[in-house]
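Listing of my_file13.txt; format and content: compact mmCIF, C-alpha atoms.
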# COMPACT_ATOMS: atom_id res chain seq x y z
CA MET A 1 -11.63 -10.08 -6.54
CA SER A 2 -10.08 -8.91 -3.32
CA LEU A 3 -8.31 -10.77 -0.54
CA GLN A 4 -9.94 -12.20 2.56
CA VAL A 5 -7.68 -13.04 5.47
CA ASN A 6 -8.53 -15.30 8.36
CA PHE A 7 -6.25 -15.47 11.40
CA VAL A 8 -6.65 -18.28 13.93
CA VAL A 9 -4.36 -19.05 16.86
CA ARG A 10 -4.01 -22.75 17.77
CA GLU A 11 -1.84 -23.24 20.83
CA ASN A 12 1.39 -21.41 19.91
CA VAL A 13 0.75 -21.36 16.15
CA LEU A 14 -0.76 -18.55 14.10
CA LEU A 15 -2.76 -19.86 11.15
CA VAL A 16 -2.99 -17.41 8.27
CA ARG A 17 -5.59 -18.46 5.70
CA LEU A 18 -5.67 -16.44 2.51
CA ASN A 19 -8.61 -16.41 0.13
CA GLY A 20 -8.66 -14.50 -3.15
CA GLU A 21 -5.97 -12.47 -4.91
CA LEU A 22 -2.79 -11.15 -3.31
CA ASP A 23 -1.22 -8.25 -5.20
CA HIS A 24 0.59 -5.05 -4.20
CA HIS A 25 -2.66 -3.36 -3.20
CA GLU A 26 -3.71 -6.20 -0.90
CA ALA A 27 -0.15 -6.83 0.30
CA ASN A 28 0.04 -3.54 2.20
CA GLN A 29 -3.09 -4.28 4.22
CA LEU A 30 -2.14 -7.90 4.77
CA ARG A 31 1.27 -6.92 6.15
CA GLU A 32 -0.23 -4.60 8.76
CA ALA A 33 -2.84 -7.10 9.92
CA TRP A 34 -0.32 -9.95 10.00
CA GLN A 35 2.25 -7.96 11.98
CA GLU A 36 -0.42 -7.13 14.54
CA GLN A 37 -1.17 -10.85 14.97
CA LEU A 38 2.52 -11.62 15.44
CA GLN A 39 2.54 -9.30 18.47
CA LYS A 40 0.29 -11.72 20.37
CA PRO A 41 2.29 -13.26 23.23
CA ALA A 42 0.93 -16.76 22.53
CA VAL A 43 2.18 -16.82 18.95
CA ASP A 44 5.48 -18.51 18.13
CA HIS A 45 5.19 -20.32 14.79
CA VAL A 46 3.19 -19.46 11.66
CA ILE A 47 1.35 -21.62 9.14
CA VAL A 48 0.27 -19.92 5.91
CA ASN A 49 -2.57 -21.78 4.21
CA LEU A 50 -2.73 -20.86 0.52
CA GLU A 51 -5.45 -23.33 -0.51
CA LYS A 52 -7.90 -20.61 -1.56
CA LEU A 53 -5.35 -18.14 -2.88
CA SER A 54 -6.24 -17.91 -6.57
CA PHE A 55 -3.63 -15.35 -7.59
CA MET A 56 -0.37 -13.97 -6.27
CA ASP A 57 2.39 -11.80 -7.73
CA SER A 58 5.84 -10.73 -6.52
CA SER A 59 4.30 -8.34 -3.98
CA GLY A 60 2.97 -11.42 -2.21
CA LEU A 61 6.45 -12.94 -2.20
CA GLY A 62 7.68 -9.76 -0.53
CA VAL A 63 5.14 -10.06 2.27
CA MET A 64 5.91 -13.76 2.82
CA LEU A 65 9.64 -13.09 2.94
CA GLY A 66 9.15 -10.16 5.30
CA ARG A 67 7.11 -12.24 7.78
CA TYR A 68 9.49 -15.18 7.45
CA LYS A 69 12.37 -12.95 8.52
CA GLU A 70 10.43 -11.68 11.55
CA VAL A 71 9.40 -15.18 12.62
CA GLN A 72 12.86 -16.61 12.04
CA ALA A 73 14.52 -13.78 13.96
CA LYS A 74 12.71 -15.04 17.07
CA GLY A 75 13.94 -18.58 16.42
CA ASN A 76 10.52 -19.79 15.27
CA GLU A 77 9.21 -21.50 12.14
CA MET A 78 7.03 -20.43 9.24
CA VAL A 79 5.41 -23.16 7.16
CA ILE A 80 3.51 -22.81 3.88
CA CYS A 81 0.75 -25.33 3.11
CA SER A 82 -1.88 -26.29 0.52
CA ILE A 83 -0.27 -24.26 -2.26
CA SER A 84 -1.74 -24.39 -5.79
CA PRO A 85 0.49 -25.21 -8.78
CA GLU A 86 0.07 -21.64 -10.14
CA VAL A 87 1.20 -19.96 -6.94
CA ARG A 88 3.89 -22.55 -6.38
CA ARG A 89 5.64 -21.55 -9.61
CA LEU A 90 6.39 -18.12 -8.14
CA PHE A 91 7.70 -19.58 -4.91
CA ASP A 92 9.90 -21.98 -6.87
CA MET A 93 11.18 -19.25 -9.17
CA SER A 94 12.34 -17.17 -6.23
CA GLY A 95 13.80 -20.10 -4.29
CA MET A 96 11.50 -19.55 -1.30
CA PHE A 97 11.34 -23.24 -0.43
CA LYS A 98 15.07 -23.29 0.07
CA ILE A 99 14.34 -21.42 3.29
CA MET A 100 10.66 -22.05 4.11
CA LYS A 101 9.05 -25.42 4.76
CA LEU A 102 6.21 -26.64 2.56
CA MET A 103 3.52 -29.07 3.74
CA ASP A 104 0.61 -30.66 1.87
CA ASN A 105 -2.10 -29.43 4.20
CA GLU A 106 -2.87 -27.59 7.41
CA SER A 107 -3.15 -30.65 9.63
CA SER A 108 0.23 -32.05 8.61
CA ALA A 109 1.75 -28.59 9.12
CA LEU A 110 0.18 -28.38 12.59
CA GLU A 111 1.42 -31.84 13.41
CA MET A 112 4.93 -30.92 12.32
CA LEU A 113 4.85 -27.96 14.70
CA GLY A 114 3.65 -30.20 17.52
CA VAL A 115 -0.01 -29.14 17.63
CA ALA A 116 -2.65 -31.89 17.79
CA SER A 117 -4.56 -31.70 14.51
CA CYS A 118 -7.99 -32.88 15.70
CA GLU A 119 -10.95 -30.49 16.12
CA MET A 120 -10.01 -28.23 13.26
CA LYS A 121 -11.71 -24.87 13.43
CA MET B 1 -6.10 -9.97 -37.96
CA ARG B 2 -4.79 -7.73 -35.22
CA ASN B 3 -7.17 -6.86 -32.44
CA GLU B 4 -6.13 -4.26 -29.91
CA MET B 5 -7.41 -2.52 -26.82
CA THR B 6 -6.00 0.33 -24.75
CA LEU B 7 -6.83 1.17 -21.18
CA GLU B 8 -5.70 4.27 -19.34
CA PHE B 9 -6.16 4.49 -15.60
CA THR B 10 -5.08 6.47 -12.55
CA SER B 11 -1.90 5.36 -10.80
CA ILE B 12 -3.53 3.86 -7.71
CA SER B 13 -3.02 0.32 -6.46
CA GLU B 14 -6.75 -0.46 -6.62
CA ASN B 15 -6.36 -0.46 -10.41
CA GLU B 16 -3.87 -3.34 -10.44
CA SER B 17 -6.71 -5.85 -10.34
CA LEU B 18 -8.66 -3.88 -12.95
CA ALA B 19 -5.66 -4.16 -15.31
CA ARG B 20 -5.37 -7.94 -14.77
CA VAL B 21 -9.05 -8.64 -15.17
CA SER B 22 -9.37 -6.46 -18.29
CA VAL B 23 -6.49 -8.20 -20.05
CA ALA B 24 -7.74 -11.63 -19.00
CA ALA B 25 -11.18 -10.84 -20.45
CA PHE B 26 -9.68 -9.51 -23.68
CA ILE B 27 -7.46 -12.54 -24.32
CA SER B 28 -10.13 -15.07 -23.39
CA GLN B 29 -11.16 -15.13 -27.08
CA LEU B 30 -7.89 -17.01 -27.74
CA ASN B 31 -8.96 -19.74 -25.35
CA PRO B 32 -5.77 -19.75 -23.27
CA THR B 33 -5.02 -22.50 -20.76
CA MET B 34 -5.25 -21.70 -17.05
CA GLU B 35 -1.47 -21.57 -16.91
CA GLU B 36 -1.23 -19.13 -19.81
CA LEU B 37 -3.95 -16.97 -18.31
CA THR B 38 -2.15 -16.93 -14.95
CA ASP B 39 1.14 -16.02 -16.67
CA ILE B 40 -0.45 -13.07 -18.45
CA LYS B 41 -2.31 -11.84 -15.36
CA THR B 42 0.89 -12.08 -13.32
CA VAL B 43 3.05 -10.09 -15.74
CA VAL B 44 0.36 -7.40 -16.10
CA SER B 45 0.27 -7.15 -12.32
CA GLU B 46 4.07 -6.88 -12.12
CA ALA B 47 4.39 -4.21 -14.80
CA VAL B 48 1.48 -2.09 -13.52
CA THR B 49 2.75 -2.35 -9.93
CA ASN B 50 6.19 -1.20 -11.11
CA ALA B 51 4.63 1.80 -12.85
CA ILE B 52 2.72 2.77 -9.71
CA ILE B 53 5.37 2.30 -7.06
CA HIS B 54 8.61 2.88 -8.96
CA GLY B 55 7.58 5.03 -11.95
CA TYR B 56 5.29 7.31 -9.98
CA GLU B 57 6.55 6.57 -6.45
CA ASP B 58 2.96 6.27 -5.20
CA LYS B 59 1.80 9.59 -6.68
CA THR B 60 -1.90 8.98 -7.12
CA ASP B 61 -2.77 11.54 -9.80
CA GLU B 62 -0.78 10.14 -12.70
CA LYS B 63 -1.82 7.84 -15.54
CA VAL B 64 -0.76 4.33 -16.54
CA THR B 65 -1.46 3.21 -20.10
CA LEU B 66 -1.97 -0.45 -20.91
CA THR B 67 -2.29 -1.78 -24.43
CA CYS B 68 -3.06 -5.40 -25.21
CA ALA B 69 -3.05 -6.73 -28.76
CA ILE B 70 -3.69 -10.16 -30.15
CA ASP B 71 -2.57 -11.22 -33.58
CA GLY B 72 -3.17 -14.84 -34.43
CA GLU B 73 -2.07 -16.57 -31.24
CA GLU B 74 0.44 -13.94 -30.22
CA ILE B 75 -0.27 -11.64 -27.31
CA GLU B 76 1.46 -8.29 -27.06
CA LEU B 77 1.33 -6.17 -23.91
CA ILE B 78 2.57 -2.60 -23.59
CA ILE B 79 2.58 -0.92 -20.18
CA GLN B 80 3.64 2.70 -20.12
CA ASP B 81 4.17 5.33 -17.47
CA ARG B 82 5.43 8.88 -17.70
CA GLY B 83 7.19 8.71 -14.36
CA GLN B 84 10.75 8.95 -13.18
CA GLY B 85 12.27 6.22 -15.33
CA ILE B 86 14.86 3.57 -14.49
CA ASP B 87 18.51 4.63 -14.02
CA ASN B 88 20.06 1.23 -14.57
CA ILE B 89 17.90 -1.29 -16.43
CA ASP B 90 20.41 -4.16 -16.12
CA LEU B 91 20.49 -3.76 -12.35
CA ALA B 92 16.68 -3.50 -12.16
CA LYS B 93 16.38 -6.81 -14.04
CA GLU B 94 18.62 -8.73 -11.66
CA PRO B 95 16.69 -11.33 -9.63
CA LEU B 96 16.06 -10.19 -6.05
CA TYR B 97 17.35 -6.67 -6.71
CA THR B 98 15.03 -3.95 -5.47
CA SER B 99 15.47 -0.21 -5.25
CA LYS B 100 12.96 -0.21 -2.40
CA PRO B 101 13.94 -2.86 0.17
CA GLU B 102 12.30 -0.77 2.90
CA TRP B 103 8.95 -1.29 1.13
CA GLU B 104 9.35 -5.04 1.39
CA ARG B 105 9.63 -5.57 -2.35
CA SER B 106 10.84 -9.01 -3.42
CA GLY B 107 12.82 -7.80 -6.44
CA MET B 108 11.31 -10.54 -8.59
CA GLY B 109 9.14 -8.44 -10.94
CA PHE B 110 11.33 -8.44 -14.05
CA THR B 111 12.48 -12.02 -13.43
CA ILE B 112 8.85 -13.13 -13.45
CA MET B 113 8.10 -11.13 -16.61
CA GLU B 114 11.08 -12.66 -18.40
CA ASN B 115 10.17 -16.17 -17.27
CA PHE B 116 6.48 -16.01 -18.17
CA MET B 117 6.77 -14.17 -21.49
CA ASP B 118 8.69 -14.97 -24.69
CA GLN B 119 10.14 -11.50 -25.00
CA VAL B 120 10.42 -8.48 -22.71
CA ASP B 121 11.73 -5.10 -23.91
CA ILE B 122 12.25 -2.26 -21.47
CA THR B 123 12.62 1.30 -22.72
CA SER B 124 13.24 3.87 -20.05
CA GLU B 125 14.58 7.36 -19.69
CA PRO B 126 15.06 9.16 -16.40
CA GLY B 127 12.48 11.91 -16.06
CA ILE B 128 10.53 10.77 -19.12
CA GLY B 129 9.09 7.40 -18.14
CA THR B 130 9.19 3.67 -18.76
CA THR B 131 7.61 1.48 -21.41
CA ILE B 132 7.56 -2.29 -21.09
CA ARG B 133 6.67 -4.31 -24.17
CA MET B 134 6.14 -8.04 -23.80
CA THR B 135 5.03 -10.76 -26.18
CA LYS B 136 3.94 -14.33 -25.75
CA GLN B 137 2.90 -16.92 -28.28
CA LEU B 138 0.08 -19.18 -27.15
CA THR B 139 0.64 -22.73 -28.28
CA SER B 140 -2.11 -24.55 -26.50
CA ALA B 141 -5.14 -23.44 -28.49
CA ARG B 142 -3.92 -25.01 -31.71
CA ALA B 143 -2.84 -28.21 -30.00
CA LEU B 144 -6.22 -28.61 -28.32
CA CYS B 145 -8.18 -28.04 -31.51
CA ASN B 146 -6.34 -30.76 -33.43

Spit out the file's structure as structure tokens when you get a sec.
Amino acid sequence: MSLQVNFVVRENVLLVRLNGELDHHEANQLREAWQEQLQKPAVDHVIVNLEKLSFMDSSGLGVMLGRYKEVQAKGNEMVICSISPEVRRLFDMSGMFKIMKLMDNESSALEMLGVASCEMK
Amino acid sequence: MRNEMTLEFTSISENESLARVSVAAFISQLNPTMEELTDIKTVVSEAVTNAIIHGYEDKTDEKVTLTCAIDGEEIELIIQDRGQGIDNIDLAKEPLYTSKPEWERSGMGFTIMENFMDQVDITSEPGIGTTIRMTKQLTSARALCN
């Protein structure tokens, strides 16, 4: 199973929705596509929705950490949401939530970043 | 009774998912829990990724060998490459250490393997290659049957 990526911009927030399996092979392509999205002038903050991510390994952690550093360097926020227990174990093991914020779902993450959560696309 | 399978594949990243799926299919006869299955798939992914990017440094015409054996409720995994080997195994095992920070590696591969498996043995020689042998005892199947 490969990885499908869906990027949506809502006001000044880039939503990154991942569906499938994120390993080293998929990580390389994801990084390129994600970095391109971060170039958009409208984009400040990032929400990563992991609801449909069925598998991730340490290559995925590398990509998350890499984007976090880029977003943080501009003084913006990156929030993870809707994480499954399996994927969460890896985040916990590497201490990622000591630096990144975790929210239950996309709408609460949007709300936290000041975007009205109605009319979800 | 010991049941074993060996898979040899080209050192390209497309084969990381093949390795995970093959092992998951093979061990499904032990009826692992979702968590156990995820653990095994994750460590296979870590070890095979290491072989491809560190052992072979992205050379795409080499071979990775993966052996999976089950004996009772114990799973044994052996992942072998004939690549450049690891200079300093203790350093490589340190959490967050990576020899390739420019490739955006998290440095968590060995930490994950050691956390998810009961035992992890690394044998490596510069210029000869690296072999990772890991074992894990499944406990759930017995508990569920009783």

Close residues, region 36-53 of chain A itself excluded, 10 Å, all atoms listed in the file, min 3 positions apart in chain, as a PyMOL selection string | chain A and resi 3-4+6-22+30-33+56+64+67-68+70-72+74-84+86-88+101-106+109-110+113

Enter the distance from CA of Gln137 (chain B) to CA of Ala92 (chain B), in Å, rounded to one decimal.
->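 Answer for the CA of Gln137 (chain B) to CA of Ala92 (chain B) separation: 25.1 Å.
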
Output the contact residues of chain A with respect to chain B at a cut-off of 9 Å, based on all atoms listed in the file, as a list in words.
->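 The selection requested is Met1, Ser2, Glu21, Asp23, His24, His25, Glu26, Phe55, Met56, Asp57, Ser58, Ser59, Gly60, Leu61, Gly62, Val63, Leu65, Gly66, Glu86, Leu90, Met93 and Ser94 of chain A.
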
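Selection around (13.7, 6.3, -13.7) with radius 8 Å, counting all atoms listed in the file, yields the residues B:His54, B:Gly55, B:Gly83, B:Gln84, B:Gly85, B:Ile86, B:Asp87, B:Ser124, B:Glu125, B:Pro126, B:Gly127, B:Ile128, B:Gly129, B:Thr130.
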
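Each of B:Tyr56, B:Phe116, B:Thr135, B:Ala51 was compared to Glu36 (chain B) using only C-alpha atoms, and B:Phe116 turns out to be the nearest.
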
Tell me, in Å to one decimal, how far CA of Met96 (chain A) is from CA of Glu114 (chain B).
-> 18.4 Å

So how far away is CA of Pro85 (chain A) from CA of Arg20 (chain B), in Å?
-> 19.2 Å
